[in-house]
Amino acid sequence: FTLTFVWISAAFWSAIIGFVLLMLRRDPVTLKQALVKNQSGELDTRHRQAIIMPVYNEDTNRIMSGFEACIKEIEKSGNLAHFDFYMLSDTQQKPLIEAELVAWNKLIARMGNDVASHMFYRRREKNVNRKVGNVSDFCERWGANYQSMIVLDADSLMTADSMLTLVKTLQSNPKAGLIQTVPIPIRQNTLFGRFLQFASSLYCPTLAAGQAFWQTDTANYWGHNAIIRIDAFMASCGLPHLPGD
């Protein structure tokens, strides 16, 4: 009880601090008056961006529909020329492998040749190091072609506004290596799910601001729904295998 109470208490006070900072419009890191930056400008078209979705034995309909939604968002924004989309599969179950291939071919047919030229599907035969290994393999093969990658989870949905804001913010901050969003659950059906969705939309922004106050510019990365500067990632995050368990 004591351990879990400390955990909840720490999160509560972090959220309170975040609420105060947001109410006073203070930057959580510098505590200076927060500036509202205009993110409506054009992208720096000298660089290309990748949006990747690593998957492993996932529900085929779910990953394809979410992936398609993100592609259509970028297409409707008029910025498709600056993005490529990669579905990186580590799926090992034969029925799911076949289902992914069929669904991918149908997706390509729906999107048309112009959009399909920006879409890529690759499945590894051996899922070495699981999804982390898949992302590493993507960087080694194609990372040099892109300034950044937005990493999606298998159940992620991101609006064009969110994705473009991430890219523009990264481009306007040369020292930023990773910018993390605040994921919020959506489209829940059960009573508990709806309660969790409401609670998350209520406290997640304030909790994130509070965590930024404590952790400053070295906060933890949730593993998805973030943009990563690829050259910095490749230079710093290729960690060696350590011996032992």
# chains A, B, ... in the order shown; residues from 1 in each chain; ligands from 1
>>> select_by_dssp(residues="range 6-206 of chain A", states="alpha helix (DSSP H)", output="PyMOL selection string")
chain A and resi 6-23+60-77+94-111+113-116+130-142+160-172+191-206
>>> residues_around(residues="range 81-85 of chain A", least_positions_apart="2", cutoff="7 Å", atoms="only C-alpha atoms", output="CSV table (one decimal) with N, CA, C and O atoms, in the first residue's frame")
chain,number,residue,atom,x,y,z
A,45,THR,N,11.5,21.9,-47.2
A,45,THR,CA,11.4,20.9,-48.2
A,45,THR,C,12.7,20.3,-48.7
A,45,THR,O,12.8,19.4,-49.6
A,48,ARG,N,13.4,15.1,-46.3
A,48,ARG,CA,12.2,14.2,-46.4
A,48,ARG,C,12.0,13.6,-45.0
A,48,ARG,O,13.0,13.4,-44.2
A,49,GLN,N,10.8,13.2,-44.7
A,49,GLN,CA,10.4,12.6,-43.4
A,49,GLN,C,9.8,11.2,-43.7
A,49,GLN,O,9.2,10.9,-44.7
A,50,ALA,N,10.1,10.3,-42.7
A,50,ALA,CA,9.5,8.9,-42.8
A,50,ALA,C,8.5,8.8,-41.6
A,50,ALA,O,8.7,9.3,-40.5
A,51,ILE,N,7.4,8.1,-41.9
A,51,ILE,CA,6.4,7.7,-40.9
A,51,ILE,C,6.4,6.2,-40.9
A,51,ILE,O,6.1,5.5,-41.9
A,52,ILE,N,6.8,5.6,-39.8
A,52,ILE,CA,7.0,4.1,-39.7
A,52,ILE,C,6.0,3.5,-38.7
A,52,ILE,O,5.7,4.1,-37.7
A,79,ASN,N,1.0,17.7,-48.4
A,79,ASN,CA,2.4,17.6,-48.1
A,79,ASN,C,2.9,16.2,-48.4
A,79,ASN,O,4.0,15.8,-47.9
A,87,MET,N,5.5,0.3,-43.4
A,87,MET,CA,5.0,-0.7,-42.4
A,87,MET,C,6.0,-1.7,-42.3
A,87,MET,O,6.3,-2.4,-43.3
A,118,HIS,N,4.7,6.3,-52.4
A,118,HIS,CA,5.3,6.7,-51.1
A,118,HIS,C,5.1,5.7,-50.0
A,118,HIS,O,5.4,6.0,-48.8
A,119,MET,N,4.6,4.5,-50.3
A,119,MET,CA,4.2,3.5,-49.3
A,119,MET,C,5.1,2.3,-49.5
A,119,MET,O,5.3,1.8,-50.6
A,120,PHE,N,5.5,1.7,-48.4
A,120,PHE,CA,6.4,0.6,-48.5
A,120,PHE,C,6.1,-0.4,-47.3
A,120,PHE,O,5.8,0.0,-46.2
>>> residues_around(residues="Asp231 in chain A", least_positions_apart="5", cutoff="10 Å", atoms="only C-alpha atoms", output="short mmCIF file (atom, residue, chain, number, x, y, z; two decimals) with N, CA and C atoms, in the first residue's frame")
data_model
loop_
_atom_site.label_atom_id
_atom_site.label_comp_id
_atom_site.auth_asym_id
_atom_site.auth_seq_id
_atom_site.Cartn_x
_atom_site.Cartn_y
_atom_site.Cartn_z
N CYS A 139 16.63 1.98 -40.03
CA CYS A 139 17.61 3.07 -40.01
C CYS A 139 18.86 2.71 -40.80
N GLY A 143 17.62 4.94 -43.41
CA GLY A 143 17.64 6.12 -42.56
C GLY A 143 18.34 7.32 -43.17
N ALA A 144 19.38 7.09 -43.96
CA ALA A 144 20.14 8.20 -44.54
C ALA A 144 19.30 9.04 -45.51
N TYR A 146 16.34 10.25 -44.86
CA TYR A 146 15.33 11.05 -44.17
C TYR A 146 15.95 11.86 -43.05
N GLN A 147 15.31 13.02 -42.78
CA GLN A 147 15.72 13.85 -41.64
C GLN A 147 15.19 13.27 -40.34
N SER A 148 13.96 12.77 -40.36
CA SER A 148 13.34 12.29 -39.13
C SER A 148 12.40 11.14 -39.43
N GLY A 177 16.50 16.16 -30.41
CA GLY A 177 16.68 14.85 -31.01
C GLY A 177 15.39 14.04 -31.06
N SER A 236 23.81 7.76 -31.78
CA SER A 236 23.84 7.64 -30.32
C SER A 236 23.14 6.40 -29.76
#
>>> closest_residue(among="A:Leu43, A:Leu239, A:Met158, A:Leu80", to="Gly133 in chain A", atoms="only C-alpha atoms")
A:Leu239
>>> atom_distance(atom1="CA of Arg124 in chain A", atom2="CA of Trp142 in chain A")
14.8 Å
>>> residues_around(residues="Ala34 in chain A", least_positions_apart="2", cutoff="12 Å", atoms="only C-alpha atoms", output="list in words")
Leu21, Leu22, Met23, Leu24, Arg25, Arg26, Asp27, Pro28, Val29, Thr30, Leu31, Lys32, Val36 and Lys37 of chain A
>>> residues_around(residues="Cys204 in chain A", least_positions_apart="4", cutoff="12 Å", atoms="only C-alpha atoms", output="NGL selection string")
:A and (11-12 or 14-16 or 18-19 or 181-185 or 196-200 or 208-211)
>>> write_last_selection(atoms="N, CA, C and O atoms", output="compact mmCIF listing (two decimals), in the first residue's frame")
# COMPACT_ATOMS: atom_id res chain seq x y z
N ALA A 11 2.53 11.18 -8.87
CA ALA A 11 1.84 11.54 -10.10
C ALA A 11 0.85 12.69 -9.85
O ALA A 11 0.72 13.61 -10.68
N PHE A 12 0.16 12.65 -8.71
CA PHE A 12 -0.80 13.70 -8.38
C PHE A 12 -0.13 15.07 -8.29
O PHE A 12 -0.57 16.05 -8.90
N SER A 14 2.78 15.95 -9.48
CA SER A 14 3.32 16.32 -10.79
C SER A 14 2.22 16.96 -11.65
O SER A 14 2.46 17.95 -12.34
N ALA A 15 1.02 16.37 -11.61
CA ALA A 15 -0.10 16.93 -12.36
C ALA A 15 -0.50 18.31 -11.83
O ALA A 15 -0.85 19.20 -12.60
N ILE A 16 -0.46 18.49 -10.50
CA ILE A 16 -0.79 19.79 -9.92
C ILE A 16 0.21 20.85 -10.40
O ILE A 16 -0.15 21.97 -10.78
N GLY A 18 1.99 20.71 -13.12
CA GLY A 18 1.71 20.93 -14.53
C GLY A 18 0.51 21.82 -14.75
O GLY A 18 0.51 22.68 -15.65
N PHE A 19 -0.54 21.62 -13.95
CA PHE A 19 -1.74 22.45 -14.06
C PHE A 19 -1.41 23.92 -13.79
O PHE A 19 -1.84 24.82 -14.53
N THR A 181 4.85 13.15 -28.14
CA THR A 181 3.48 13.63 -27.98
C THR A 181 2.89 13.09 -26.67
O THR A 181 3.52 12.33 -25.95
N VAL A 182 1.66 13.49 -26.39
CA VAL A 182 0.94 12.97 -25.23
C VAL A 182 -0.20 12.09 -25.76
O VAL A 182 -1.25 12.59 -26.15
N PRO A 183 0.00 10.76 -25.82
CA PRO A 183 -1.05 9.87 -26.36
C PRO A 183 -2.31 9.87 -25.49
O PRO A 183 -2.22 9.87 -24.26
N ILE A 184 -3.46 9.88 -26.15
CA ILE A 184 -4.75 9.85 -25.47
C ILE A 184 -5.57 8.70 -26.05
O ILE A 184 -5.68 8.58 -27.28
N PRO A 185 -6.15 7.82 -25.22
CA PRO A 185 -7.01 6.76 -25.76
C PRO A 185 -8.30 7.35 -26.35
O PRO A 185 -8.83 8.34 -25.82
N LEU A 196 -11.62 5.78 -18.54
CA LEU A 196 -10.19 5.95 -18.74
C LEU A 196 -9.91 7.00 -19.81
O LEU A 196 -8.99 7.82 -19.68
N GLN A 197 -10.71 6.99 -20.87
CA GLN A 197 -10.55 7.98 -21.94
C GLN A 197 -10.78 9.39 -21.43
O GLN A 197 -10.01 10.31 -21.73
N PHE A 198 -11.86 9.57 -20.64
CA PHE A 198 -12.15 10.89 -20.06
C PHE A 198 -11.03 11.33 -19.11
O PHE A 198 -10.56 12.47 -19.16
N ALA A 199 -10.60 10.41 -18.25
CA ALA A 199 -9.55 10.74 -17.28
C ALA A 199 -8.25 11.13 -17.99
O ALA A 199 -7.59 12.10 -17.61
N SER A 200 -7.90 10.39 -19.03
CA SER A 200 -6.65 10.66 -19.75
C SER A 200 -6.69 12.02 -20.43
O SER A 200 -5.70 12.77 -20.40
N ALA A 208 1.95 15.57 -18.18
CA ALA A 208 3.12 15.69 -19.06
C ALA A 208 3.90 16.97 -18.76
O ALA A 208 5.14 16.97 -18.73
N ALA A 209 3.18 18.08 -18.52
CA ALA A 209 3.84 19.33 -18.17
C ALA A 209 4.57 19.21 -16.84
O ALA A 209 5.69 19.72 -16.67
N GLY A 210 3.95 18.50 -15.88
CA GLY A 210 4.60 18.28 -14.59
C GLY A 210 5.84 17.42 -14.71
O GLY A 210 6.87 17.69 -14.06
N GLN A 211 5.78 16.39 -15.54
CA GLN A 211 6.96 15.56 -15.76
C GLN A 211 8.08 16.34 -16.42
O GLN A 211 9.26 16.15 -16.11
